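As provided, target_24.csv (CSV, C-alpha atoms) reads as follows.
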```
chain,number,residue,atom,x,y,z
A,1,MET,CA,-2.3,-14.7,-7.9
A,2,ALA,CA,1.1,-14.1,-6.4
A,3,TYR,CA,2.4,-11.3,-4.2
A,4,ASN,CA,4.9,-9.3,-6.2
A,5,LEU,CA,5.6,-6.7,-3.6
A,6,ALA,CA,5.0,-6.3,0.1
A,7,GLN,CA,6.2,-3.3,2.0
A,8,LYS,CA,5.7,-1.9,5.5
A,9,ILE,CA,5.2,1.9,5.9
A,10,LEU,CA,7.0,2.9,9.1
A,11,ASN,CA,6.4,6.7,9.4
A,12,ASP,CA,4.3,9.6,8.2
A,13,ASP,CA,6.9,10.7,5.6
A,14,LYS,CA,6.1,10.3,1.9
A,15,THR,CA,7.4,6.9,1.0
A,16,ILE,CA,8.3,5.6,-2.5
A,17,ILE,CA,6.6,2.2,-3.1
A,18,THR,CA,9.7,0.3,-3.9
A,19,ASN,CA,10.4,-2.1,-6.8
A,20,MET,CA,7.5,-0.7,-8.7
A,21,SER,CA,9.1,-0.7,-12.1
A,22,SER,CA,8.5,-4.4,-12.4
A,23,VAL,CA,4.8,-4.3,-11.5
A,24,LEU,CA,3.6,-0.7,-11.9
A,25,SER,CA,2.2,-1.1,-15.5
A,26,ASN,CA,0.6,-4.5,-14.8
A,27,ILE,CA,-0.9,-4.4,-11.3
A,28,ASN,CA,-4.0,-6.5,-10.5
A,29,THR,CA,-4.6,-5.2,-7.0
A,30,LEU,CA,-2.9,-2.9,-4.5
A,31,SER,CA,-3.9,-3.5,-0.9
A,32,ILE,CA,-3.5,-0.9,1.8
A,33,CYS,CA,-3.9,-2.4,5.3
A,34,ASN,CA,-4.2,-0.3,8.4
A,35,ILE,CA,-2.5,-2.4,11.1
A,36,HIS,CA,-3.1,0.3,13.8
A,37,THR,CA,-5.8,0.4,16.4
A,38,ALA,CA,-7.2,3.8,15.2
A,39,ASP,CA,-8.2,5.2,11.8
A,40,ILE,CA,-5.5,6.4,9.5
A,41,SER,CA,-5.7,8.9,6.6
A,42,VAL,CA,-3.8,7.8,3.5
A,43,ASP,CA,-2.5,9.6,0.4
A,44,LEU,CA,-1.5,7.5,-2.6
A,45,TYR,CA,-0.1,9.3,-5.7
A,46,VAL,CA,2.2,9.2,-8.6
A,47,ALA,CA,4.7,11.9,-9.4
A,48,SER,CA,5.9,12.6,-12.9
A,49,GLN,CA,9.6,12.0,-13.6
A,50,VAL,CA,9.9,13.8,-16.9
A,51,GLY,CA,10.7,17.5,-17.4
A,52,THR,CA,7.7,18.1,-19.6
A,53,ASP,CA,5.2,17.6,-16.7
A,54,ILE,CA,6.4,19.7,-13.8
A,55,THR,CA,4.9,22.0,-11.2
A,56,THR,CA,6.5,24.9,-9.3
A,57,THR,CA,7.2,24.4,-5.6
A,58,GLY,CA,7.2,28.1,-5.0
A,59,VAL,CA,10.8,27.7,-3.6
A,60,GLN,CA,13.2,30.2,-5.2
A,61,ALA,CA,17.0,30.2,-5.3
A,62,ALA,CA,18.4,33.0,-3.1
A,63,GLU,CA,21.8,32.6,-4.7
A,64,ALA,CA,23.6,31.2,-7.7
A,65,GLU,CA,25.3,27.8,-7.7
A,66,ALA,CA,27.6,26.2,-10.3
A,67,VAL,CA,27.5,22.8,-11.8
A,68,SER,CA,29.1,20.4,-9.3
A,69,THR,CA,29.6,16.6,-8.7
A,70,SER,CA,29.9,17.3,-5.0
A,71,SER,CA,27.0,18.0,-2.6
A,72,VAL,CA,25.5,21.5,-2.9
A,73,VAL,CA,23.6,23.3,-0.2
A,74,LEU,CA,21.4,26.0,-1.9
A,75,ASN,CA,20.0,28.9,0.1
A,76,VAL,CA,16.4,29.5,-0.9
A,77,ASP,CA,13.5,31.8,-0.1
A,78,GLN,CA,9.9,32.7,-1.0
A,79,VAL,CA,8.4,29.4,0.3
A,80,VAL,CA,9.9,27.3,3.1
A,81,PRO,CA,11.2,24.1,1.6
A,82,THR,CA,9.8,20.8,3.0
A,83,ASP,CA,10.8,17.2,2.7
A,84,ASP,CA,7.3,16.4,1.5
A,85,VAL,CA,7.7,18.7,-1.5
A,86,LEU,CA,11.4,18.3,-2.3
A,87,LYS,CA,13.2,15.4,-0.6
A,88,ASP,CA,14.2,12.6,-3.0
A,89,GLU,CA,12.6,14.5,-5.9
A,90,ILE,CA,14.2,15.4,-9.2
A,91,VAL,CA,14.3,19.2,-9.2
A,92,TYR,CA,13.9,21.0,-12.5
A,93,LYS,CA,14.3,24.5,-13.9
A,94,SER,CA,11.1,26.1,-15.4
A,95,ASP,CA,12.0,24.9,-18.9
A,96,GLY,CA,12.3,21.2,-17.7
A,97,THR,CA,16.1,21.2,-17.5
A,98,ILE,CA,17.2,19.0,-14.5
A,99,PHE,CA,19.1,20.7,-11.7
A,100,GLY,CA,19.6,17.6,-9.7
A,101,THR,CA,17.9,15.5,-7.0
A,102,ALA,CA,17.1,17.1,-3.6
A,103,THR,CA,18.3,15.0,-0.7
A,104,ALA,CA,17.4,17.2,2.2
A,105,THR,CA,15.7,20.5,3.2
A,106,ALA,CA,16.1,22.7,6.2
A,107,ASP,CA,13.7,25.3,7.6
A,108,ALA,CA,16.3,27.5,9.1
A,109,THR,CA,17.9,30.9,8.6
A,110,PRO,CA,18.6,30.7,5.8
A,111,ASP,CA,16.2,28.0,4.4
A,112,THR,CA,18.2,25.5,2.3
A,113,VAL,CA,17.8,22.6,-0.1
A,114,THR,CA,20.6,20.1,-0.4
A,115,PHE,CA,21.5,18.3,-3.6
A,116,GLY,CA,23.6,15.5,-2.3
A,117,GLY,CA,24.8,14.3,-5.7
A,118,GLY,CA,25.6,17.8,-6.9
A,119,LEU,CA,24.1,19.8,-9.8
A,120,THR,CA,23.9,18.9,-13.4
A,121,THR,CA,22.8,22.4,-14.4
A,122,ALA,CA,23.8,25.7,-12.8
A,123,ILE,CA,21.2,27.5,-10.7
A,124,ALA,CA,20.9,31.2,-11.1
A,125,ASN,CA,19.8,33.6,-8.3
A,126,ASP,CA,15.9,33.8,-8.4
A,127,ASP,CA,15.4,30.5,-10.3
A,128,PHE,CA,12.3,28.8,-9.1
A,129,LEU,CA,12.5,25.1,-8.3
A,130,PHE,CA,10.1,22.7,-10.0
A,131,THR,CA,9.3,19.0,-9.3
A,132,GLY,CA,7.3,16.4,-11.2
A,133,THR,CA,3.5,17.0,-11.1
A,134,ARG,CA,1.6,14.9,-8.6
A,135,TYR,CA,-1.5,13.0,-9.5
A,136,TYR,CA,-3.5,11.7,-6.6
A,137,ILE,CA,-5.1,8.3,-6.7
A,138,LEU,CA,-6.2,8.7,-3.0
A,139,LYS,CA,-6.1,11.9,-1.1
A,140,GLY,CA,-6.9,11.9,2.6
A,141,VAL,CA,-8.8,8.7,2.4
A,142,ASN,CA,-9.8,7.3,5.8
A,143,VAL,CA,-8.9,3.6,6.3
A,144,PRO,CA,-10.5,2.4,9.5
A,145,ALA,CA,-8.5,0.5,12.2
A,146,ASN,CA,-7.7,-3.1,11.2
A,147,THR,CA,-9.2,-2.7,7.7
A,148,THR,CA,-7.8,-3.3,4.3
A,149,LEU,CA,-8.5,-1.1,1.3
A,150,VAL,CA,-8.1,-2.8,-2.1
A,151,LEU,CA,-7.6,-0.9,-5.3
A,152,GLU,CA,-8.0,-2.7,-8.6
A,153,GLN,CA,-6.0,-2.5,-11.8
A,154,ASN,CA,-8.2,0.0,-13.7
A,155,GLU,CA,-7.4,2.4,-10.9
A,156,LEU,CA,-3.7,1.9,-10.8
A,157,ARG,CA,-2.1,1.5,-14.3
A,158,VAL,CA,0.6,4.0,-14.8
A,159,ASP,CA,3.8,4.0,-16.9
A,160,PRO,CA,6.8,3.2,-14.5
A,161,ASP,CA,9.2,5.0,-16.9
A,162,THR,CA,7.2,8.2,-16.4
A,163,TYR,CA,5.9,8.1,-12.8
A,164,THR,CA,7.1,7.1,-9.3
A,165,MET,CA,4.4,6.0,-6.9
A,166,TYR,CA,4.3,7.3,-3.3
A,167,ILE,CA,2.2,6.6,-0.2
A,168,LYS,CA,1.8,8.7,2.9
A,169,SER,CA,0.2,7.8,6.2
A,170,SER,CA,-1.2,10.3,8.7
A,171,ASN,CA,0.2,8.1,11.6
A,172,ALA,CA,3.7,9.0,12.9
A,173,SER,CA,4.5,5.2,13.0
A,174,GLY,CA,3.0,4.6,9.5
A,175,ASN,CA,1.2,1.4,10.5
A,176,ILE,CA,0.3,0.5,6.9
A,177,ASP,CA,1.2,-2.6,5.0
A,178,VAL,CA,1.1,-2.4,1.2
A,179,ILE,CA,0.8,-5.5,-0.9
A,180,ILE,CA,0.7,-5.5,-4.7
A,181,ARG,CA,-0.4,-8.5,-6.7
A,182,LYS,CA,0.4,-8.9,-10.3
```
Can I see the file as structure tokens?
Amino acid sequence: MAYNLAQKILNDDKTIITNMSSVLSNINTLSICNIHTADISVDLYVASQVGTDITTTGVQAAEAEAVSTSSVVLNVDQVVPTDDVLKDEIVYKSDGTIFGTATATADATPDTVTFGGGLTTAIANDDFLFTGTRYYILKGVNVPANTTLVLEQNELRVDPDTYTMYIKSSNASGNIDVIIRK
């Protein structure tokens, strides 16, 4: 059995498990190794990348923005935008139309969401922002210090054209190694 992917998780931000398209639909095992000296809580999930399976973020546009190929900083309200919810996510309108990909958020006055690549669809004042629905494989699972958790293929098969896989560590330095075998 060969290693098809090895990746170090270096912080407590959500992290896309890279190069998944070649292995996501045919994983034999996924190992999550806690390389820290203390327990770490782990989230492992997939997020839909299609406009027919979206969930509201609660974040609402506080202004209108036109279609643009340049970076757009959108003022928002209702819910404070966070990187965990929006950064690097495709952002949709309620009908599944793509606005663009969020590249940053700011909890400031006003709160903002940045679309670094611009907007493919205009945003109207009061439009809510939606992202792909998340499906958790692991949620808050404790991995003891110096321990490896191994998930098998029947727990991991997902369509790489429909989902992106993320992992999140409770440790500020990440301290997780991920190995996928195909």
Could you check the closest approach to A:Ile54 for each of A:Leu129, A:Val158, A:Ile32, A:Ala172 and tell me which residue wins, using only C-alpha atoms?
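The closest residue to A:Ile54 is A:Leu129.
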Which residue out of A:Leu151, A:Ala145, A:Val85, A:Val73 has the minimum interatomic distance to A:Asp39 when all atoms listed in the file are used?
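Nearest candidate to A:Asp39 out of A:Leu151, A:Ala145, A:Val85, A:Val73: A:Ala145.
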Neighbourhood query: residues within 12 Å of (23.8, 21.9, 0.2), file coordinates, counting all atoms listed in the file; return as a list of chain:residue names.
A:Glu63, A:Glu65, A:Ala66, A:Ser68, A:Thr69, A:Ser70, A:Ser71, A:Val72, A:Val73, A:Leu74, A:Asn75, A:Val76, A:Gly100, A:Thr101, A:Ala102, A:Thr103, A:Ala104, A:Thr105, A:Ala106, A:Pro110, A:Asp111, A:Thr112, A:Val113, A:Thr114, A:Phe115, A:Gly116, A:Gly117, A:Gly118, A:Leu119
Find, counting only C-alpha atoms, the residue in A:Ile123, A:Asn4, A:Asp177, A:Val42 that gets nearest to A:Leu138.
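Of the candidates, the smallest distance to A:Leu138 is held by A:Val42.
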Distance of atom CA of A:Val150 from atom CA of A:Ile40, expressed in Å to one decimal place
15.0 Å
